[in-house]
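Engineer: This one is data_10.txt, compact mmCIF, C-alpha atoms and all ligand atoms.
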# COMPACT_ATOMS: atom_id res chain seq x y z
CA MET A 1 40.32 -3.75 -45.01
CA LYS A 2 42.83 -2.69 -47.68
CA THR A 3 41.68 -3.79 -51.13
CA GLU A 4 44.31 -4.68 -53.73
CA ILE A 5 43.33 -3.62 -57.25
CA PHE A 6 44.91 -5.28 -60.29
CA LYS A 7 44.39 -4.32 -63.92
CA ILE A 8 44.53 -7.31 -66.28
CA ASN A 9 44.25 -7.25 -70.07
CA PRO A 10 41.86 -10.11 -70.99
CA PHE A 11 43.68 -10.52 -74.32
CA ASP A 12 47.12 -10.75 -72.72
CA ILE A 13 46.56 -12.19 -69.26
CA ASP A 14 49.33 -11.69 -66.71
CA GLU A 15 49.81 -15.22 -65.39
CA GLU A 16 51.68 -14.09 -62.25
CA ILE A 17 48.82 -11.86 -61.09
CA ILE A 18 46.22 -14.53 -61.85
CA LYS A 19 48.25 -17.09 -59.92
CA TYR A 20 48.46 -14.74 -56.93
CA CYS A 21 44.71 -13.98 -57.03
CA GLY A 22 43.84 -17.67 -57.52
CA GLU A 23 45.87 -18.66 -54.46
CA LYS A 24 44.27 -15.93 -52.36
CA LEU A 25 40.83 -17.07 -53.52
CA ARG A 26 41.57 -20.67 -52.65
CA ASN A 27 42.79 -19.63 -49.19
CA GLY A 28 39.61 -17.78 -48.25
CA SER A 29 39.99 -14.24 -49.65
CA LEU A 30 37.20 -12.39 -51.44
CA VAL A 31 38.15 -11.65 -55.06
CA CYS A 32 36.05 -9.59 -57.48
CA PHE A 33 36.51 -10.52 -61.12
CA PRO A 34 35.01 -9.73 -64.52
CA THR A 35 32.66 -12.13 -66.28
CA GLU A 36 30.98 -11.67 -69.65
CA THR A 37 27.66 -10.85 -67.92
CA VAL A 38 28.55 -8.67 -64.91
CA TYR A 39 31.41 -8.59 -62.37
CA GLY A 40 31.30 -11.29 -59.68
CA LEU A 41 32.30 -11.23 -56.00
CA GLY A 42 33.99 -14.60 -55.56
CA ALA A 43 34.93 -16.90 -52.70
CA ASN A 44 36.07 -20.53 -52.51
CA ALA A 45 32.74 -22.39 -52.72
CA PHE A 46 34.04 -25.16 -50.43
CA ASN A 47 34.92 -22.67 -47.66
CA ALA A 48 31.81 -21.83 -45.60
CA GLU A 49 33.52 -19.00 -43.74
CA ALA A 50 34.68 -17.28 -46.95
CA VAL A 51 31.18 -17.72 -48.37
CA ASN A 52 29.73 -16.11 -45.26
CA ASN A 53 32.00 -13.11 -45.88
CA ILE A 54 30.36 -12.62 -49.31
CA PHE A 55 27.02 -12.04 -47.60
CA LYS A 56 28.63 -9.54 -45.19
CA ALA A 57 30.54 -7.64 -47.88
CA LYS A 58 27.43 -7.20 -50.06
CA GLY A 59 24.89 -6.79 -47.27
CA ARG A 60 23.08 -9.67 -48.97
CA PRO A 61 19.96 -11.21 -47.39
CA GLN A 62 20.76 -14.61 -45.85
CA ASP A 63 18.08 -16.38 -47.88
CA ASN A 64 19.39 -15.50 -51.35
CA PRO A 65 21.54 -18.36 -52.68
CA LEU A 66 24.76 -17.95 -54.68
CA ILE A 67 25.77 -19.23 -58.09
CA VAL A 68 28.83 -21.48 -58.18
CA HIS A 69 31.24 -20.86 -61.06
CA ILE A 70 33.37 -23.54 -62.68
CA SER A 71 36.13 -23.51 -65.29
CA SER A 72 35.71 -26.91 -66.96
CA PHE A 73 32.91 -29.36 -67.74
CA ASP A 74 34.42 -31.92 -65.33
CA MET A 75 34.14 -29.59 -62.34
CA ILE A 76 30.37 -29.89 -62.47
CA ASN A 77 30.59 -33.17 -60.60
CA SER A 78 32.01 -31.50 -57.50
CA VAL A 79 29.11 -29.03 -57.42
CA THR A 80 26.03 -31.02 -58.42
CA GLN A 81 24.73 -34.56 -58.12
CA CYS A 82 22.19 -35.33 -60.80
CA THR A 83 19.94 -38.21 -61.76
CA PRO A 84 21.07 -39.81 -65.05
CA SER A 85 18.28 -38.04 -66.96
CA GLU A 86 19.16 -34.65 -65.44
CA LYS A 87 22.81 -35.29 -66.27
CA LEU A 88 21.86 -35.95 -69.88
CA LEU A 89 19.89 -32.73 -70.01
CA MET A 90 22.67 -30.70 -68.40
CA ASP A 91 25.24 -32.13 -70.79
CA LYS A 92 23.12 -31.17 -73.79
CA LEU A 93 22.60 -27.64 -72.50
CA ALA A 94 26.24 -27.30 -71.46
CA GLU A 95 27.42 -28.43 -74.88
CA ARG A 96 25.35 -25.70 -76.52
CA PHE A 97 25.62 -22.79 -74.05
CA TRP A 98 28.79 -23.27 -71.98
CA PRO A 99 31.05 -21.55 -71.47
CA GLY A 100 28.55 -18.69 -71.44
CA PRO A 101 25.74 -16.78 -69.76
CA LEU A 102 23.54 -19.68 -68.63
CA THR A 103 23.17 -20.83 -65.00
CA MET A 104 21.60 -24.23 -64.38
CA ILE A 105 19.88 -25.12 -61.12
CA ALA A 106 20.42 -28.79 -60.19
CA GLU A 107 20.66 -30.89 -57.04
CA LYS A 108 23.63 -29.83 -54.92
CA SER A 109 26.53 -32.11 -54.06
CA PRO A 110 27.23 -32.67 -50.33
CA GLU A 111 30.64 -30.97 -50.75
CA ILE A 112 28.99 -27.57 -51.19
CA PRO A 113 28.33 -25.96 -47.80
CA GLU A 114 24.75 -25.13 -46.82
CA ASN A 115 25.31 -21.38 -46.78
CA VAL A 116 26.11 -21.29 -50.52
CA THR A 117 22.55 -22.37 -51.26
CA CYS A 118 20.96 -20.88 -48.13
CA GLY A 119 19.79 -24.32 -47.08
CA LEU A 120 18.24 -25.25 -50.46
CA LYS A 121 18.84 -28.74 -51.84
CA SER A 122 19.57 -27.25 -55.25
CA VAL A 123 22.53 -25.18 -56.47
CA GLY A 124 23.08 -22.81 -59.37
CA VAL A 125 26.12 -23.62 -61.51
CA ARG A 126 27.69 -21.64 -64.34
CA TYR A 127 30.75 -21.96 -66.56
CA PRO A 128 31.50 -18.38 -67.63
CA SER A 129 33.22 -17.57 -70.92
CA HIS A 130 35.27 -14.56 -69.81
CA LYS A 131 38.95 -15.48 -70.13
CA ILE A 132 39.95 -13.84 -66.82
CA ALA A 133 37.13 -15.57 -64.92
CA VAL A 134 38.10 -18.95 -66.35
CA LYS A 135 41.84 -18.50 -65.64
CA LEU A 136 41.13 -17.29 -62.11
CA ILE A 137 38.88 -20.24 -61.24
CA GLU A 138 41.38 -22.62 -62.85
CA SER A 139 44.27 -21.24 -60.85
CA SER A 140 42.28 -21.35 -57.61
CA GLY A 141 41.61 -25.04 -58.26
CA VAL A 142 38.17 -24.84 -56.62
CA PRO A 143 34.63 -23.92 -57.69
CA VAL A 144 33.92 -20.26 -56.96
CA ALA A 145 30.71 -19.00 -55.37
CA ALA A 146 30.00 -15.54 -56.76
CA PRO A 147 27.02 -13.21 -56.76
CA SER A 148 27.18 -9.95 -58.70
CA ALA A 149 29.82 -7.65 -57.18
CA ASN A 150 27.52 -4.84 -56.05
CA ILE A 151 26.08 -3.74 -52.72
CA SER A 152 22.77 -5.62 -52.43
CA GLY A 153 19.90 -3.80 -54.14
CA LYS A 154 22.10 -1.57 -56.32
CA PRO A 155 22.51 -2.03 -60.08
CA SER A 156 24.91 -4.84 -60.96
CA PRO A 157 28.46 -3.83 -61.95
CA THR A 158 29.51 -3.97 -65.58
CA LYS A 159 32.72 -1.95 -65.10
CA ALA A 160 35.54 -2.23 -62.54
CA SER A 161 34.75 1.34 -61.47
CA HIS A 162 31.27 0.17 -60.37
CA VAL A 163 32.85 -2.56 -58.22
CA ILE A 164 35.36 -0.13 -56.72
CA GLU A 165 32.54 2.30 -55.92
CA ASP A 166 30.60 -0.39 -54.02
CA LEU A 167 33.21 -2.74 -52.56
CA ASP A 168 36.56 -0.96 -52.13
CA GLY A 169 37.58 -1.66 -48.51
CA ARG A 170 35.12 -4.57 -48.20
CA VAL A 171 36.92 -7.22 -50.28
CA ASP A 172 40.54 -8.39 -50.56
CA ILE A 173 41.06 -8.05 -54.31
CA ILE A 174 39.36 -6.38 -57.28
CA ILE A 175 40.49 -7.42 -60.75
CA ASP A 176 39.87 -4.74 -63.38
CA GLY A 177 39.46 -6.60 -66.66
CA GLY A 178 37.51 -3.99 -68.62
CA ASP A 179 33.79 -3.82 -69.33
CA SER A 180 31.44 -6.82 -69.32
CA SER A 181 30.28 -7.50 -72.87
CA VAL A 182 26.79 -8.90 -72.17
CA GLY A 183 25.81 -6.46 -69.42
CA VAL A 184 22.90 -8.33 -67.82
CA GLU A 185 23.20 -11.35 -65.52
CA SER A 186 23.02 -14.93 -66.77
CA THR A 187 19.78 -16.70 -67.61
CA VAL A 188 18.83 -18.91 -64.63
CA LEU A 189 17.28 -22.22 -65.72
CA ASP A 190 15.87 -24.69 -63.19
CA ILE A 191 16.33 -28.18 -64.59
CA THR A 192 14.98 -29.91 -61.47
CA SER A 193 11.41 -28.96 -62.45
CA PHE A 194 9.44 -30.42 -65.30
CA PRO A 195 9.38 -28.81 -67.74
CA PRO A 196 12.61 -26.93 -66.98
CA CYS A 197 11.83 -23.34 -66.12
CA ILE A 198 13.60 -20.04 -66.69
CA LEU A 199 13.65 -18.29 -63.31
CA ARG A 200 15.55 -15.22 -64.49
CA PRO A 201 15.68 -14.09 -68.13
CA GLY A 202 19.11 -13.29 -69.56
CA TYR A 203 21.13 -13.24 -72.76
CA VAL A 204 20.25 -16.90 -73.48
CA THR A 205 16.55 -16.73 -74.33
CA GLN A 206 13.64 -19.16 -74.02
CA GLN A 207 13.78 -19.55 -77.78
CA ASP A 208 17.49 -20.43 -77.68
CA ILE A 209 16.87 -23.06 -74.99
CA SER A 210 13.85 -24.51 -76.79
CA GLU A 211 16.16 -25.44 -79.66
CA ILE A 212 17.78 -27.93 -77.27
CA ILE A 213 14.86 -28.92 -75.05
CA LEU A 214 11.48 -28.59 -76.69
CA ASP A 215 9.55 -28.01 -73.52
CA VAL A 216 10.81 -25.06 -71.49
CA SER A 217 8.62 -22.70 -69.53
CA GLU A 218 9.34 -19.18 -68.45
CA PHE A 219 8.46 -17.94 -65.05
CA VAL A 220 6.12 -15.02 -65.73
CA TRP A 221 8.12 -12.36 -63.93
CA LYS A 222 5.64 -9.55 -64.51
CA LYS A 223 2.90 -11.45 -62.72
CA ASP A 224 4.84 -13.52 -60.25
CA VAL A 225 7.20 -11.03 -58.60
CA GLU A 226 5.33 -11.47 -55.33
CA LYS A 227 5.78 -15.24 -55.27
CA PRO A 228 9.18 -15.87 -56.81
CA ARG A 229 10.60 -19.33 -57.39
CA SER A 230 14.09 -17.88 -57.30
CA PRO A 231 14.72 -16.26 -53.92
CA GLY A 232 16.68 -13.39 -55.46
CA MET A 233 13.72 -12.25 -57.54
CA LYS A 234 11.70 -11.08 -54.57
CA TYR A 235 13.98 -8.23 -53.58
CA LYS A 236 13.80 -4.73 -54.99
CA HIS A 237 16.80 -4.79 -57.20
CA TYR A 238 18.93 -3.11 -59.78
CA SER A 239 17.70 0.19 -58.39
CA PRO A 240 19.22 3.63 -58.46
CA LYS A 241 18.22 5.93 -55.60
CA ALA A 242 15.86 7.81 -57.92
CA THR A 243 12.25 6.70 -58.31
CA VAL A 244 12.03 5.01 -61.70
CA THR A 245 8.81 4.75 -63.77
CA LEU A 246 8.60 2.80 -67.02
CA PHE A 247 6.39 3.79 -69.95
CA LYS A 248 5.25 1.42 -72.65
CA GLY A 249 3.43 2.23 -75.91
CA ASN A 250 4.18 3.80 -79.27
CA GLU A 251 7.08 6.22 -79.47
CA GLN A 252 5.06 9.42 -79.80
CA ASP A 253 2.59 8.58 -77.02
CA VAL A 254 5.39 7.58 -74.69
CA SER A 255 7.46 10.71 -75.32
CA ARG A 256 4.43 12.99 -74.93
CA ARG A 257 3.54 11.33 -71.64
CA ILE A 258 7.10 11.49 -70.37
CA LEU A 259 7.32 15.22 -71.22
CA ASN A 260 4.15 15.78 -69.17
CA GLU A 261 5.63 13.82 -66.27
CA ILE A 262 8.87 15.82 -66.45
CA ASN A 263 6.96 19.10 -66.24
CA ARG A 264 4.95 17.87 -63.29
CA ALA A 265 8.10 16.69 -61.52
CA LYS A 266 9.85 20.01 -62.15
CA GLN A 267 6.89 21.89 -60.69
CA GLN A 268 7.38 19.83 -57.55
CA GLY A 269 11.03 20.88 -57.44
CA LEU A 270 12.32 17.43 -58.39
CA LYS A 271 15.34 16.73 -60.58
CA ALA A 272 14.03 14.59 -63.43
CA GLY A 273 15.81 12.55 -66.10
CA VAL A 274 14.81 10.37 -69.03
CA LEU A 275 16.18 6.98 -70.01
CA ALA A 276 15.76 6.76 -73.79
CA THR A 277 17.62 5.64 -76.92
CA ASP A 278 19.82 7.37 -79.51
CA GLN A 279 16.78 7.66 -81.77
CA THR A 280 14.38 9.03 -79.14
CA ILE A 281 16.43 11.45 -77.01
CA CYS A 282 15.58 14.18 -79.55
CA TYR A 283 12.04 14.26 -78.08
CA TYR A 284 13.42 15.48 -74.78
CA ILE A 285 15.58 18.44 -75.84
CA ASP A 286 16.50 20.74 -72.93
CA ASN A 287 15.97 17.91 -70.42
CA ILE A 288 18.42 15.54 -68.75
CA THR A 289 18.66 12.41 -70.89
CA LEU A 290 20.58 9.15 -70.79
CA SER A 291 20.71 6.90 -73.84
CA LEU A 292 20.83 3.12 -73.71
CA GLY A 293 22.16 3.23 -77.29
CA ASN A 294 20.76 2.30 -80.65
CA LYS A 295 17.05 1.52 -80.43
CA GLY A 296 17.43 -1.36 -82.88
CA ASN A 297 20.38 -2.89 -81.04
CA LEU A 298 19.17 -4.65 -77.90
CA SER A 299 22.60 -6.16 -77.13
CA GLU A 300 24.06 -2.66 -76.97
CA GLN A 301 21.23 -1.56 -74.69
CA ALA A 302 21.87 -4.53 -72.37
CA THR A 303 25.55 -3.61 -72.16
CA ARG A 304 24.78 -0.03 -71.16
CA LEU A 305 21.77 -0.58 -68.89
CA TYR A 306 23.45 -0.78 -65.47
CA ASP A 307 25.91 2.01 -66.20
CA CYS A 308 22.96 4.26 -67.10
CA LEU A 309 21.14 3.33 -63.88
CA ARG A 310 24.26 4.14 -61.86
CA LYS A 311 24.66 7.47 -63.71
CA CYS A 312 21.17 8.41 -62.51
CA ASP A 313 22.64 8.43 -59.00
CA GLU A 314 25.80 10.28 -60.01
CA MET A 315 23.62 13.01 -61.52
CA GLY A 316 21.56 13.20 -58.35
CA LEU A 317 18.26 12.55 -60.10
CA ASP A 318 15.12 12.29 -57.95
CA VAL A 319 12.92 10.77 -60.62
CA VAL A 320 13.69 8.85 -63.82
CA PHE A 321 11.20 8.24 -66.61
CA ALA A 322 12.26 5.29 -68.74
CA GLU A 323 11.04 4.17 -72.15
CA ALA A 324 10.17 0.47 -72.21
CA VAL A 325 12.26 -1.56 -74.67
CA SER A 326 11.17 -4.28 -77.08
CA GLU A 327 10.73 -7.61 -75.26
CA ASN A 328 12.30 -9.61 -78.07
CA GLY A 329 15.49 -11.60 -77.43
CA VAL A 330 17.64 -10.06 -74.72
CA GLY A 331 15.03 -7.25 -74.52
CA ASP A 332 13.05 -9.53 -72.19
CA ALA A 333 15.96 -9.50 -69.72
CA ILE A 334 16.37 -5.72 -70.05
CA MET A 335 12.66 -5.20 -69.37
CA ASN A 336 12.81 -7.57 -66.39
CA ARG A 337 15.63 -5.49 -64.84
CA LEU A 338 13.97 -2.16 -65.69
CA TYR A 339 10.67 -3.37 -64.27
CA ARG A 340 12.35 -4.28 -61.02
CA ALA A 341 14.41 -1.07 -60.90
CA ALA A 342 11.04 0.65 -61.22
CA GLY A 343 9.61 -1.40 -58.34
CA GLY A 344 6.86 -2.55 -60.73
CA ARG A 345 5.76 0.94 -61.92
CA LEU A 346 5.05 0.13 -65.57
CA ILE A 347 2.53 2.38 -67.27
CA ASP A 348 0.94 1.39 -70.56
CA VAL A 349 0.22 4.77 -72.16
CA ARG A 350 -2.29 3.24 -74.56
CA SER A 351 -4.59 2.25 -71.75
CA ASN A 352 -4.47 5.64 -70.06
O1 LIG A 401 25.63 -13.59 -64.59
C1 LIG A 401 25.50 -13.95 -63.42
O2 LIG A 401 24.74 -14.87 -63.08
C2 LIG A 401 26.33 -13.21 -62.35
C3 LIG A 401 27.82 -13.48 -62.62
C4 LIG A 401 28.71 -12.96 -61.53
O3 LIG A 401 28.00 -14.84 -62.84
N1 LIG A 401 25.94 -13.63 -61.03
C5 LIG A 401 24.76 -13.26 -60.48
O4 LIG A 401 24.57 -13.71 -59.20
O5 LIG A 401 23.93 -12.58 -61.05
P1 LIG A 401 23.46 -13.15 -58.22
O6 LIG A 401 23.78 -13.74 -56.92
O7 LIG A 401 23.46 -11.67 -58.30
O8 LIG A 401 22.13 -13.76 -58.74
C6 LIG A 401 21.88 -15.15 -58.59
C7 LIG A 401 20.44 -15.44 -58.81
C8 LIG A 401 19.58 -14.95 -57.68
O9 LIG A 401 18.37 -14.45 -58.21
C9 LIG A 401 19.36 -16.22 -56.86
O10 LIG A 401 18.19 -16.18 -56.09
C10 LIG A 401 19.28 -17.28 -57.96
O11 LIG A 401 20.26 -16.86 -58.90
N2 LIG A 401 19.64 -18.61 -57.45
C11 LIG A 401 20.85 -19.04 -57.05
N3 LIG A 401 20.79 -20.32 -56.60
C12 LIG A 401 19.50 -20.69 -56.72
C13 LIG A 401 18.78 -21.90 -56.41
N4 LIG A 401 19.39 -22.95 -55.89
N5 LIG A 401 17.43 -21.92 -56.68
C14 LIG A 401 16.82 -20.85 -57.22
N6 LIG A 401 17.45 -19.69 -57.53
C15 LIG A 401 18.76 -19.60 -57.27
MG MG A 402 22.89 -9.75 -58.11
Kindly present the structure from the file in structure tokens form.
Ligand code: TXA
Ligand code: MG
Structural biologist:
Amino acid sequence: MKTEIFKINPFDIDEEIIKYCGEKLRNGSLVCFPTETVYGLGANAFNAEAVNNIFKAKGRPQDNPLIVHISSFDMINSVTQCTPSEKLLMDKLAERFWPGPLTMIAEKSPEIPENVTCGLKSVGVRYPSHKIAVKLIESSGVPVAAPSANISGKPSPTKASHVIEDLDGRVDIIIDGGDSSVGVESTVLDITSFPPCILRPGYVTQQDISEIILDVSEFVWKKDVEKPRSPGMKYKHYSPKATVTLFKGNEQDVSRRILNEINRAKQQGLKAGVLATDQTICYYIDNITLSLGNKGNLSEQATRLYDCLRKCDEMGLDVVFAEAVSENGVGDAIMNRLYRAAGGRLIDVRSN
């Protein structure tokens, strides 16, 4: 398949190109587009055949449901059907967090084909804030089913180049709208359970949500990876080809331990790299290092995370030793992704 690639400036959107892409999307094409979290691989959510093509293009397991994207508050009624109390809750959350990086899981409307939700009665719905995403959905005139625009299992794409690397020749259109500003996927909140439960941590935190609904639980991802409530959480994910190990503890202990691990890896003839921060790369002089950015700036680290994981592959690393980040705020989402990229290998250096 020949993929058309369009560059669009999000601050000066070319209406003609958006109109063209919107029409294609409506008529069954696969269109990759930027959102504030990560790039999405979109199809008309009402078109079961187009939705099926998403699974083929990504190599996505057939039991991992898709999020449906909307471009106005009204569109929610074509995607979900809620009880009056759920509707009230959704409206309150939407008022505070939409458009933005929050996905809500609610009962699905009959108009949404079964394969969007992989047979589940519930559907994930999100109103993104990225101007190109909103304009594209608007011009398509339909809700848009879109997972992250990567080959299944690989790190999510935060740059158009990541999407091109994974999906050129597998989708109809890729819109290059620059880098995603948030860098990790949306927070997934299940409002059908009581209390509502965060299934996937993201930029919107438990604390943010608890300002709107007092009682919100968080699925304990470190313990419950084996028995996930969100189908997508059971797969090894966000992974570079290299074997990743995460180290947690105070800065000196962690760096000392990582240096030991690097030496051991080198003795085995392995190419080793370190995932650190601007303030800690100095510990690893003469070794291959990647920085997530300023140690005190978790938003910056979120933005750079997936690009760093993809660079591990570009550099041909066999093993990556990563410093754990603070679990405050969006740090919880970063740790969740790192933990899964590491296939659960998290070593607490204090207890060793
Ligand atoms: O930020 C995002 O959410 C990005 C952008 C493109 O919007 N999308 C994204 O989609 O991350 P995806 O498909 O990579 O992840 C969707 C997650 C999966 O873990 C999936 O299992 C979960 O949401 N999910 C979707 N529908 C669900 C449902 N009905 N019940 C439980 N989990 C659901
Ligand atoms: Mg994904």
Engineer: Could you work out how far atom O1 of ligand LIG 401 (chain A) lies from CA of Leu136 in chain A, giving the answer in Å with one decimal?
Structural biologist: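 For CA of Leu136 in chain A relative to atom O1 of ligand LIG 401 (chain A), the distance reads 16.1 Å.
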Engineer: Padding of 5 Å on every side, edges along x, y and z, all listed atoms of range 74-84 of chain A included: what centre and edge lengths in Å, to one decimal, does that box have, as AutoDock Vina command-line options?
Structural biologist:
--center_x 27.2 --center_y -34.4 --center_z -61.4 --size_x 24.5 --size_y 20.8 --size_z 17.9
Engineer: Show me which residues line ligand LIG 401 (chain A), defined as having an atom within 7 Å of a ligand atom where only C-alpha atoms and all ligand atoms count, and present them as a PyMOL selection string.
Structural biologist: chain A and resi 35+37-41+64-67+101+103+105+117+120+122-124+126+128+146-149+184-188+200+229-233
Engineer: Using all atoms listed in the file - which residues lie no farther than 9 Å from the point (8.9, 5.6, -83.2) in the file's frame? Write them as a list in words.
Structural biologist: Asn250, Glu251, Gln252, Gln279 and Thr280 of chain A
Engineer: Take CA of Asn263 in chain A and CA of Ile288 in chain A and report the distance between them in Å, one decimal.
Structural biologist: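 These atoms are spaced 12.3 Å apart.
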Engineer: Restricting the calculation to only C-alpha atoms, which member of A:Phe321, A:Ile151, A:Ile70, A:Gly119 is positioned closest to Asn287 in chain A?
Structural biologist: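 For Asn287 in chain A, the nearest of the candidates is A:Phe321.
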Engineer: Env of Val79 in chain A: 7 Å cut, atoms = all atoms listed in the file, seq-sep filter 4 positions within chain, self excluded. Answer as a PDB file with C-alpha atoms, keeping the file's coordinate frame.
Structural biologist:
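Output (part_30.pdb):
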ATOM      1  CA  LYS A 108      23.630 -29.830 -54.920  1.00  0.00           C
ATOM      2  CA  SER A 109      26.530 -32.110 -54.060  1.00  0.00           C
ATOM      3  CA  ILE A 112      28.990 -27.570 -51.190  1.00  0.00           C
TER       4      ILE A 112
END
Engineer: With distances taken over all atoms listed in the file, which residue among A:Ala94, A:Val51, A:Met104, A:Ala322 lies nearest Ala341 in chain A?
Structural biologist: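 Going through A:Ala94, A:Val51, A:Met104, A:Ala322 one by one, the smallest distance to Ala341 in chain A is for A:Ala322.
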Engineer: Can you tell me, as number ranges by chain, what residues are no more than 6 Å from range 192-199 of chain A when counting all atoms listed in the file, ignoring any on the same chain fewer than 4 positions away?
Structural biologist: A: 106, 188, 215-219
Engineer: Mind listing as a ChimeraX atom specification all residues within 6 Å of (6.3, 3.0, -70.3), counting only C-alpha atoms?
Structural biologist: /A:246-248,323-324,346-348
Engineer: Generate a file of the selected residues that holds C-alpha atoms, formatted as a PDB file, in the frame of the given file.
Structural biologist:
ATOM      1  CA  LEU A 246       8.600   2.800 -67.020  1.00  0.00           C
ATOM      2  CA  PHE A 247       6.390   3.790 -69.950  1.00  0.00           C
ATOM      3  CA  LYS A 248       5.250   1.420 -72.650  1.00  0.00           C
ATOM      4  CA  GLU A 323      11.040   4.170 -72.150  1.00  0.00           C
ATOM      5  CA  ALA A 324      10.170   0.470 -72.210  1.00  0.00           C
ATOM      6  CA  LEU A 346       5.050   0.130 -65.570  1.00  0.00           C
ATOM      7  CA  ILE A 347       2.530   2.380 -67.270  1.00  0.00           C
ATOM      8  CA  ASP A 348       0.940   1.390 -70.560  1.00  0.00           C
TER       9      ASP A 348
END
Engineer: Between A:Ser156, A:Ser255, A:Ser239, A:Asn294, which is the closest to ligand MG 402 (chain A) once you count only C-alpha atoms and all ligand atoms?
Structural biologist: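 The answer is A:Ser156, which sits nearest to ligand MG 402 (chain A).
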Engineer: For each of A:Ile213, A:Phe46, A:Lys295, A:Ile13, take the minimum atom-to-atom distance to Met90 in chain A, counting all atoms listed in the file, then give the residue where this is smallest.
Structural biologist: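 Checking each of A:Ile213, A:Phe46, A:Lys295, A:Ile13 against Met90 in chain A, counting all atoms listed in the file, the winner is A:Ile213.
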Engineer: Interatomic distance between CA of Phe33 in chain A and CA of Ala342 in chain A?
Structural biologist: 27.8 Å
Engineer: Grab range 255-266 of chain A from that structure and dump N, CA and C atoms to a file, as a PDB file, in the first residue's frame.
Structural biologist:
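Ended up saving to decode.pdb:
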ATOM      1  N   SER A 255      23.421   4.310  40.872  1.00  0.00           N
ATOM      2  CA  SER A 255      24.467   4.476  39.851  1.00  0.00           C
ATOM      3  C   SER A 255      25.585   3.449  40.050  1.00  0.00           C
ATOM      4  N   ARG A 256      25.927   3.191  41.317  1.00  0.00           N
ATOM      5  CA  ARG A 256      26.975   2.197  41.597  1.00  0.00           C
ATOM      6  C   ARG A 256      26.552   0.818  41.066  1.00  0.00           C
ATOM      7  N   ARG A 257      25.299   0.468  41.341  1.00  0.00           N
ATOM      8  CA  ARG A 257      24.788  -0.827  40.908  1.00  0.00           C
ATOM      9  C   ARG A 257      24.744  -0.925  39.380  1.00  0.00           C
ATOM     10  N   ILE A 258      24.313   0.171  38.760  1.00  0.00           N
ATOM     11  CA  ILE A 258      24.238   0.151  37.293  1.00  0.00           C
ATOM     12  C   ILE A 258      25.632   0.014  36.690  1.00  0.00           C
ATOM     13  N   LEU A 259      26.627   0.718  37.272  1.00  0.00           N
ATOM     14  CA  LEU A 259      28.001   0.589  36.748  1.00  0.00           C
ATOM     15  C   LEU A 259      28.481  -0.859  36.841  1.00  0.00           C
ATOM     16  N   ASN A 260      28.153  -1.517  37.958  1.00  0.00           N
ATOM     17  CA  ASN A 260      28.509  -2.942  38.092  1.00  0.00           C
ATOM     18  C   ASN A 260      27.857  -3.780  37.005  1.00  0.00           C
ATOM     19  N   GLU A 261      26.568  -3.503  36.770  1.00  0.00           N
ATOM     20  CA  GLU A 261      25.821  -4.268  35.762  1.00  0.00           C
ATOM     21  C   GLU A 261      26.414  -4.035  34.371  1.00  0.00           C
ATOM     22  N   ILE A 262      26.810  -2.783  34.095  1.00  0.00           N
ATOM     23  CA  ILE A 262      27.397  -2.474  32.779  1.00  0.00           C
ATOM     24  C   ILE A 262      28.673  -3.297  32.587  1.00  0.00           C
ATOM     25  N   ASN A 263      29.517  -3.317  33.615  1.00  0.00           N
ATOM     26  CA  ASN A 263      30.766  -4.073  33.493  1.00  0.00           C
ATOM     27  C   ASN A 263      30.498  -5.543  33.243  1.00  0.00           C
ATOM     28  N   ARG A 264      29.534  -6.079  33.976  1.00  0.00           N
ATOM     29  CA  ARG A 264      29.208  -7.493  33.803  1.00  0.00           C
ATOM     30  C   ARG A 264      28.702  -7.756  32.374  1.00  0.00           C
ATOM     31  N   ALA A 265      27.840  -6.848  31.904  1.00  0.00           N
ATOM     32  CA  ALA A 265      27.296  -7.021  30.548  1.00  0.00           C
ATOM     33  C   ALA A 265      28.422  -6.958  29.512  1.00  0.00           C
ATOM     34  N   LYS A 266      29.334  -6.005  29.705  1.00  0.00           N
ATOM     35  CA  LYS A 266      30.439  -5.847  28.739  1.00  0.00           C
ATOM     36  C   LYS A 266      31.299  -7.105  28.696  1.00  0.00           C
TER      37      LYS A 266
END
